[in-house]
Structure formats: C-alpha cells, structure tokens
>>> print(open('my_file37.tsv').read())   # TSV, C-alpha atoms
chain	number	residue	atom	x	y	z
A	1	MET	CA	87.36	90.06	109.27
A	2	ASP	CA	84.43	90.25	111.55
A	3	PHE	CA	83.57	87.13	113.47
A	4	SER	CA	81.38	88.81	116.03
A	5	MET	CA	78.41	86.67	115.15
A	6	TYR	CA	80.08	83.52	116.44
A	7	ASN	CA	80.14	82.34	120.03
A	8	ASP	CA	83.34	82.18	122.08
A	9	ALA	CA	83.98	78.51	121.50
A	10	GLU	CA	83.63	79.01	117.80
A	11	LYS	CA	85.84	82.07	117.88
A	12	ALA	CA	88.59	80.08	119.57
A	13	HIS	CA	88.24	77.40	116.97
A	14	ILE	CA	88.38	79.94	114.16
A	15	GLN	CA	91.38	81.61	115.75
A	16	ARG	CA	93.28	78.32	115.55
A	17	ILE	CA	92.38	77.93	111.92
A	18	ILE	CA	93.60	81.46	111.23
A	19	GLU	CA	96.93	80.82	112.90
A	20	GLN	CA	97.53	77.68	110.89
A	21	LYS	CA	96.58	79.50	107.77
A	22	GLN	CA	98.95	82.38	108.51
A	23	MET	CA	101.87	80.00	108.68
A	24	ARG	CA	100.93	78.35	105.43
A	25	ASP	CA	100.35	81.71	103.77
A	26	PHE	CA	103.70	82.99	104.89
A	27	MET	CA	105.48	80.03	103.35
A	28	LYS	CA	103.53	80.53	100.17
A	29	PHE	CA	104.39	84.21	100.15
A	30	TYR	CA	108.07	83.47	100.62
A	31	THR	CA	108.34	80.89	97.87
A	32	ASN	CA	106.27	83.08	95.59
A	33	LEU	CA	108.57	86.05	96.14
A	34	VAL	CA	111.65	83.97	95.50
A	35	GLU	CA	110.21	82.59	92.30
A	36	ARG	CA	109.20	86.03	91.09
A	37	CYS	CA	112.54	87.69	91.72
A	38	PHE	CA	114.50	84.71	90.50
A	39	ASN	CA	112.64	84.71	87.22
A	40	ASP	CA	112.92	88.47	86.79
A	41	CYS	CA	116.54	88.88	87.85
A	42	ILE	CA	118.49	85.72	87.16
A	43	ASN	CA	119.05	84.86	83.54
A	44	ASP	CA	122.76	84.39	83.20
A	45	PHE	CA	124.31	81.03	83.99
A	46	THR	CA	127.93	81.60	83.08
A	47	SER	CA	128.71	81.52	86.77
A	48	LYS	CA	127.21	79.72	89.71
A	49	ALA	CA	127.51	82.67	92.08
A	50	LEU	CA	125.12	85.60	92.06
A	51	SER	CA	126.70	88.64	90.47
A	52	SER	CA	126.50	91.97	92.24
A	53	LYS	CA	124.11	93.12	89.56
A	54	GLU	CA	121.85	90.19	90.24
A	55	GLU	CA	122.03	90.79	93.95
A	56	THR	CA	121.01	94.41	93.50
A	57	CYS	CA	118.16	93.33	91.28
A	58	ILE	CA	116.96	90.78	93.83
A	59	SER	CA	117.03	93.27	96.63
A	60	ARG	CA	115.12	95.87	94.63
A	61	CYS	CA	112.68	93.27	93.40
A	62	SER	CA	111.82	92.05	96.87
A	63	ASP	CA	111.63	95.60	98.21
A	64	LYS	CA	109.30	96.55	95.46
A	65	PHE	CA	107.12	93.51	95.84
A	66	LEU	CA	106.76	94.04	99.58
A	67	LYS	CA	105.74	97.63	99.01
A	68	HIS	CA	103.37	96.56	96.28
A	69	ASN	CA	101.84	94.02	98.61
A	70	GLU	CA	101.42	96.63	101.31
A	71	ARG	CA	99.77	99.12	99.00
A	72	VAL	CA	97.36	96.55	97.61
A	73	GLY	CA	96.56	95.64	101.20
A	74	GLN	CA	95.65	99.21	102.05
A	75	ARG	CA	93.39	99.68	99.04
A	76	PHE	CA	91.91	96.23	99.57
A	77	ALA	CA	90.94	97.06	103.14
A	78	GLU	CA	89.39	100.38	102.14
A	79	LEU	CA	87.31	98.95	99.32
A	80	ASN	CA	86.27	95.99	101.39
A	81	GLN	CA	85.06	98.31	104.09
A	82	GLN	CA	83.00	100.22	101.56
A	83	ILE	CA	81.35	97.09	100.23
A	84	MET	CA	80.58	95.94	103.73
A	85	GLN	CA	78.86	99.19	104.56
A	86	GLN	CA	76.79	99.04	101.40
A	87	GLN	CA	75.72	95.52	102.21
A	88	GLN	CA	74.78	96.45	105.71
A	89	GLN	CA	72.48	99.10	104.34
A	90	GLN	CA	70.97	96.62	101.94
A	91	GLN	CA	70.43	94.12	104.70
A	92	GLN	CA	67.54	96.17	106.04
A	93	GLN	CA	65.81	94.76	102.98
A	94	PRO	CA	65.23	91.10	102.07
A	95	PRO	CA	68.33	88.93	101.97
A	96	PHE	CA	70.79	89.18	99.21
A	97	SER	CA	70.96	85.60	98.03
A	98	PRO	CA	68.27	83.01	98.54
A	99	SER	CA	70.58	80.03	98.88
A	100	SER	CA	72.70	81.25	101.73
A	101	PRO	CA	70.54	83.37	103.95
A	102	PRO	CA	72.94	84.91	106.41
A	103	PRO	CA	71.77	83.57	109.78
A	104	GLN	CA	72.70	86.38	112.10
A	105	GLN	CA	75.22	87.93	109.84
A	106	LYS	CA	75.81	91.26	111.45
A	107	GLY	CA	78.70	92.91	109.72
A	108	GLY	CA	79.66	89.60	108.23
A	109	GLY	CA	78.23	90.38	104.84
A	110	GLY	CA	80.07	91.87	101.95
A	111	TRP	CA	81.59	89.52	99.60
A	112	PHE	CA	84.43	89.65	101.99
A	113	GLY	CA	82.82	90.33	105.28
A	114	GLY	CA	85.23	92.94	106.47
A	115	SER	CA	88.92	93.43	106.60
B	116	MET	CA	77.83	69.65	124.51
B	117	SER	CA	81.12	71.39	124.21
B	118	TYR	CA	84.38	69.63	123.63
B	119	TYR	CA	86.09	72.90	124.19
B	120	PRO	CA	86.83	72.87	127.87
B	121	PHE	CA	88.44	76.26	128.26
B	122	GLY	CA	86.70	79.24	129.72
B	123	GLY	CA	84.31	76.90	131.43
B	124	SER	CA	82.04	77.75	128.56
B	125	SER	CA	79.13	75.55	127.81
B	126	GLN	CA	78.92	76.89	124.30
B	127	THR	CA	78.83	74.43	121.51
B	128	VAL	CA	80.87	74.69	118.38
B	129	ASN	CA	78.65	74.58	115.39
B	130	GLN	CA	80.82	72.99	112.75
B	131	GLN	CA	78.76	74.58	110.06
B	132	ASN	CA	79.51	78.04	111.43
B	133	VAL	CA	83.20	77.28	111.63
B	134	ALA	CA	83.21	75.95	108.10
B	135	MET	CA	81.46	79.07	106.93
B	136	ALA	CA	84.06	81.29	108.57
B	137	GLU	CA	86.83	79.21	107.11
B	138	GLN	CA	85.35	79.46	103.66
B	139	GLU	CA	84.99	83.19	103.98
B	140	LEU	CA	88.58	83.55	105.15
B	141	GLU	CA	89.76	81.41	102.28
B	142	MET	CA	87.83	83.54	99.81
B	143	VAL	CA	89.25	86.79	101.16
B	144	THR	CA	92.86	85.70	101.19
B	145	ASP	CA	92.63	83.94	97.85
B	146	THR	CA	91.20	87.04	96.23
B	147	PHE	CA	93.82	89.18	97.88
B	148	TYR	CA	96.67	87.08	96.51
B	149	ARG	CA	95.10	87.07	93.10
B	150	ILE	CA	94.88	90.86	93.13
B	151	VAL	CA	98.48	91.17	94.27
B	152	ASP	CA	99.54	88.89	91.44
B	153	SER	CA	97.45	90.44	88.69
B	154	CYS	CA	98.22	94.02	89.58
B	155	TYR	CA	101.90	93.30	89.96
B	156	LYS	CA	101.95	91.86	86.47
B	157	LYS	CA	100.04	94.80	85.07
B	158	CYS	CA	101.69	97.64	86.95
B	159	ILE	CA	105.27	96.74	87.78
B	160	PRO	CA	107.67	96.37	84.87
B	161	PRO	CA	110.37	93.85	85.73
B	162	LYS	CA	113.15	96.35	85.42
B	163	TYR	CA	114.25	96.96	88.90
B	164	ILE	CA	115.81	100.39	88.65
B	165	GLU	CA	114.75	101.17	92.20
B	166	GLY	CA	113.26	99.36	95.16
B	167	ASP	CA	110.52	101.91	95.74
B	168	LEU	CA	107.23	102.18	93.94
B	169	ASN	CA	107.32	105.20	91.71
B	170	LYS	CA	104.41	107.53	91.17
B	171	GLY	CA	103.15	105.83	88.05
B	172	GLU	CA	103.29	102.38	89.60
B	173	SER	CA	101.51	103.55	92.73
B	174	VAL	CA	98.68	105.16	90.80
B	175	CYS	CA	98.40	102.08	88.63
B	176	ILE	CA	98.12	99.82	91.69
B	177	ASP	CA	95.37	101.94	93.24
B	178	ARG	CA	93.33	101.88	90.07
B	179	CYS	CA	94.04	98.23	89.43
B	180	VAL	CA	92.72	97.16	92.84
B	181	ALA	CA	89.62	99.30	92.43
B	182	LYS	CA	88.94	97.81	89.04
B	183	TYR	CA	89.42	94.29	90.29
B	184	PHE	CA	86.81	94.93	92.95
B	185	GLU	CA	84.40	96.42	90.49
B	186	THR	CA	84.89	93.48	88.15
B	187	THR	CA	84.19	91.09	91.00
B	188	THR	CA	81.00	92.91	91.87
B	189	LYS	CA	79.80	93.05	88.29
B	190	ILE	CA	80.39	89.38	87.68
B	191	GLY	CA	78.82	88.52	91.00
B	192	GLU	CA	75.69	90.40	90.05
B	193	ALA	CA	75.54	88.74	86.65
B	194	LEU	CA	75.96	85.29	88.17
B	195	GLN	CA	73.30	86.00	90.70
B	196	LYS	CA	70.84	87.09	88.06
B	197	LYS	CA	71.51	83.98	86.08
B	198	GLY	CA	71.22	81.83	89.14
B	199	GLN	CA	67.91	83.32	90.14
B	200	GLN	CA	66.48	82.68	86.70
B	201	ALA	CA	67.72	79.15	86.24
B	202	THR	CA	68.03	77.36	89.54
B	203	PRO	CA	66.56	79.22	92.43
B	204	GLY	CA	69.08	78.63	95.14
B	205	PHE	CA	72.24	79.13	93.19
B	206	GLY	CA	73.15	82.34	94.86
B	207	VAL	CA	76.75	83.37	95.06
>>> encode(input="my_file37.tsv", output="structure tokens")
Amino acid sequence: MDFSMYNDAEKAHIQRIIEQKQMRDFMKFYTNLVERCFNDCINDFTSKALSSKEETCISRCSDKFLKHNERVGQRFAELNQQIMQQQQQQQQQPPFSPSSPPPQQKGGGGWFGGS
Amino acid sequence: MSYYPFGGSSQTVNQQNVAMAEQELEMVTDTFYRIVDSCYKKCIPPKYIEGDLNKGESVCIDRCVAKYFETTTKIGEALQKKGQQATPGFGV
C-alpha cells in the first residue's frame, strides 16, 4: 500500500500497526489452514494416530492452499494496481465521494489504495 | 507537538490520518482473505490428488479473483448512487 501522503512520524506509527497486524494475520492464517485441511482430510476416528493416507492428504492440502494463496495474491496485486491507476486518472476531476474527500490522497485512492 | 521523539522530527501524528491508514489496511487484508476463502471454495475440490494447482484450478482462480473485483466495483457504484440520492454524504 502507498502511504506516501503521510509524514514520517505517521509512517512510523503506521509501520508499527502493520507489524502487529502481520503477527495476528499469520496466526489467523495458520489456524485457518489447519482447520481447512483437518476438515477436508480427517474423517476417520477408528485410530488416534494420523494414517499415512491422512498425512499425505494434509501435506497436499497445505501445499495446495499455499499455492492458491500465492496465486490469488498475484492477481489481487495486478487488479488493485489497475483500479488505482483508473482512480488516479479520475482524480483530475471532482472527488469521487462527497463524504470522504481524500485530503492529499496521491496514489492512495482506489478502493484499496495500492498493493 | 510530537510525542514521537525519534528522528528529531517535529512532525505531529495526526491520529485521524493514522486511523484512516489503519482502516484502509484492514479493508485490503479483509477483502484479500475473503477472496482467498471464496475462490478456494469455488475452485479447489477437496480431493487432494496432488499438491500443485492444476491447469483448471489455476484458470478458475484467475477468473474468480477478477470477478470478485468486478463485483466489488459494481456494488460500490450502486451503493454510491443510492447514497448520493438519499443522504448526501454517505459515500463509500
């Protein structure tokens, strides 16, 4: 994302928020992945140990999800970039929404404001 | 007056700016996770024959993400139109 419109003190502040968020997001990602692969792969409770079949399934499931995540990330960044460029062109004209006039929102527009 | 001593900067932190950035960040990541979730459900059958994405899955993901974006834009436009008619100031 583009935070170039903020001053240095604000950037530092935002950086701290981002770092905290990354940690939280990672935990969320981890638990989410476990839940997903557990639900998709583990359905047999005649034993308390994972069978080799289940282990294979888990490993493929997490591989696949990571790759899925990566691919979505790539497309997401590309499309976001496109929207941002369109918005920048539109910003030559009167502001986009009356309620939140972007103060000095250079490159911060888009519904995502950059990747 | 800055309570951020580093850099010897005399810049002030505008809490409103920071909150805006935080909100934007939250919106981006939230949408991203929602897309990951939706498109996984729609494109990846839970039969893990391989750990790679096959051709069909990959194509599906690309289209799914594009469609999610387009849907977001369309709904955003519709909401904005409604907002401008009803309560001026309810922009998205």
>>> atom_distance(input="my_file37.tsv", atom1="atom CA of A:Cys37", atom2="atom CA of B:Phe184")
26.8 Å
>>> closest_residue(input="my_file37.tsv", among="B:Ser173, B:Gly166, B:Gln200, B:Ile150", to="chain A", atoms="only C-alpha atoms")
B:Gly166
>>> closest_atom_pairs(input="my_file37.tsv", of="chain A", to="chain B", cutoff="8 Å", atoms="only C-alpha atoms", output="JSON lines")
{"residue": "A:Met1", "atom": "CA", "partner": "B:Leu140", "partner_atom": "CA", "distance": 7.8}
{"residue": "A:Phe3", "atom": "CA", "partner": "B:Ala136", "partner_atom": "CA", "distance": 7.6}
{"residue": "A:Tyr6", "atom": "CA", "partner": "B:Asn132", "partner_atom": "CA", "distance": 7.4}
{"residue": "A:Asn7", "atom": "CA", "partner": "B:Gln126", "partner_atom": "CA", "distance": 7.0}
{"residue": "A:Asp8", "atom": "CA", "partner": "B:Gln126", "partner_atom": "CA", "distance": 7.2}
{"residue": "A:Ala9", "atom": "CA", "partner": "B:Val128", "partner_atom": "CA", "distance": 5.8}
{"residue": "A:Glu10", "atom": "CA", "partner": "B:Val128", "partner_atom": "CA", "distance": 5.2}
{"residue": "A:His13", "atom": "CA", "partner": "B:Val133", "partner_atom": "CA", "distance": 7.3}
{"residue": "A:Ile14", "atom": "CA", "partner": "B:Val133", "partner_atom": "CA", "distance": 6.3}
{"residue": "A:Ile17", "atom": "CA", "partner": "B:Glu137", "partner_atom": "CA", "distance": 7.5}
{"residue": "A:Asp40", "atom": "CA", "partner": "B:Pro161", "partner_atom": "CA", "distance": 6.0}
{"residue": "A:Cys57", "atom": "CA", "partner": "B:Tyr163", "partner_atom": "CA", "distance": 5.8}
{"residue": "A:Ser59", "atom": "CA", "partner": "B:Gly166", "partner_atom": "CA", "distance": 7.3}
{"residue": "A:Arg60", "atom": "CA", "partner": "B:Gly166", "partner_atom": "CA", "distance": 4.0}
{"residue": "A:Cys61", "atom": "CA", "partner": "B:Tyr163", "partner_atom": "CA", "distance": 6.0}
{"residue": "A:Ser62", "atom": "CA", "partner": "B:Gly166", "partner_atom": "CA", "distance": 7.6}
{"residue": "A:Asp63", "atom": "CA", "partner": "B:Gly166", "partner_atom": "CA", "distance": 5.1}
{"residue": "A:Lys64", "atom": "CA", "partner": "B:Gly166", "partner_atom": "CA", "distance": 4.9}
{"residue": "A:Phe65", "atom": "CA", "partner": "B:Tyr155", "partner_atom": "CA", "distance": 7.9}
{"residue": "A:Lys67", "atom": "CA", "partner": "B:Leu168", "partner_atom": "CA", "distance": 7.0}
{"residue": "A:His68", "atom": "CA", "partner": "B:Leu168", "partner_atom": "CA", "distance": 7.2}
{"residue": "A:Asn69", "atom": "CA", "partner": "B:Val151", "partner_atom": "CA", "distance": 6.2}
{"residue": "A:Arg71", "atom": "CA", "partner": "B:Ile176", "partner_atom": "CA", "distance": 7.5}
{"residue": "A:Val72", "atom": "CA", "partner": "B:Val151", "partner_atom": "CA", "distance": 6.4}
{"residue": "A:Gly73", "atom": "CA", "partner": "B:Phe147", "partner_atom": "CA", "distance": 7.8}
{"residue": "A:Arg75", "atom": "CA", "partner": "B:Asp177", "partner_atom": "CA", "distance": 6.5}
{"residue": "A:Phe76", "atom": "CA", "partner": "B:Val180", "partner_atom": "CA", "distance": 6.8}
{"residue": "A:Leu79", "atom": "CA", "partner": "B:Ala181", "partner_atom": "CA", "distance": 7.3}
{"residue": "A:Ser97", "atom": "CA", "partner": "B:Gly206", "partner_atom": "CA", "distance": 5.0}
{"residue": "A:Pro98", "atom": "CA", "partner": "B:Gly204", "partner_atom": "CA", "distance": 5.6}
{"residue": "A:Ser99", "atom": "CA", "partner": "B:Gly204", "partner_atom": "CA", "distance": 4.3}
{"residue": "A:Ser100", "atom": "CA", "partner": "B:Gly206", "partner_atom": "CA", "distance": 7.0}
{"residue": "A:Phe112", "atom": "CA", "partner": "B:Val143", "partner_atom": "CA", "distance": 5.7}
{"residue": "A:Gly113", "atom": "CA", "partner": "B:Glu139", "partner_atom": "CA", "distance": 7.6}
>>> atom_distance(input="my_file37.tsv", atom1="atom CA of A:Met23", atom2="atom CA of B:Gln138")
17.3 Å
>>> atom_distance(input="my_file37.tsv", atom1="atom CA of A:Thr56", atom2="atom CA of B:Lys157")
22.6 Å
>>> axis_aligned_box(input="my_file37.tsv", around="stretch 138-142 of chain B", padding_each_side="3 Å", output="JSON")
{"center_x": 87.4, "center_y": 81.5, "center_z": 102.5, "size_x": 10.8, "size_y": 10.1, "size_z": 11.3}
>>> closest_residue(input="my_file37.tsv", among="A:Ile83, A:Ala12, A:Glu78, A:Ile58", to="A:Cys41", atoms="only C-alpha atoms")
A:Ile58
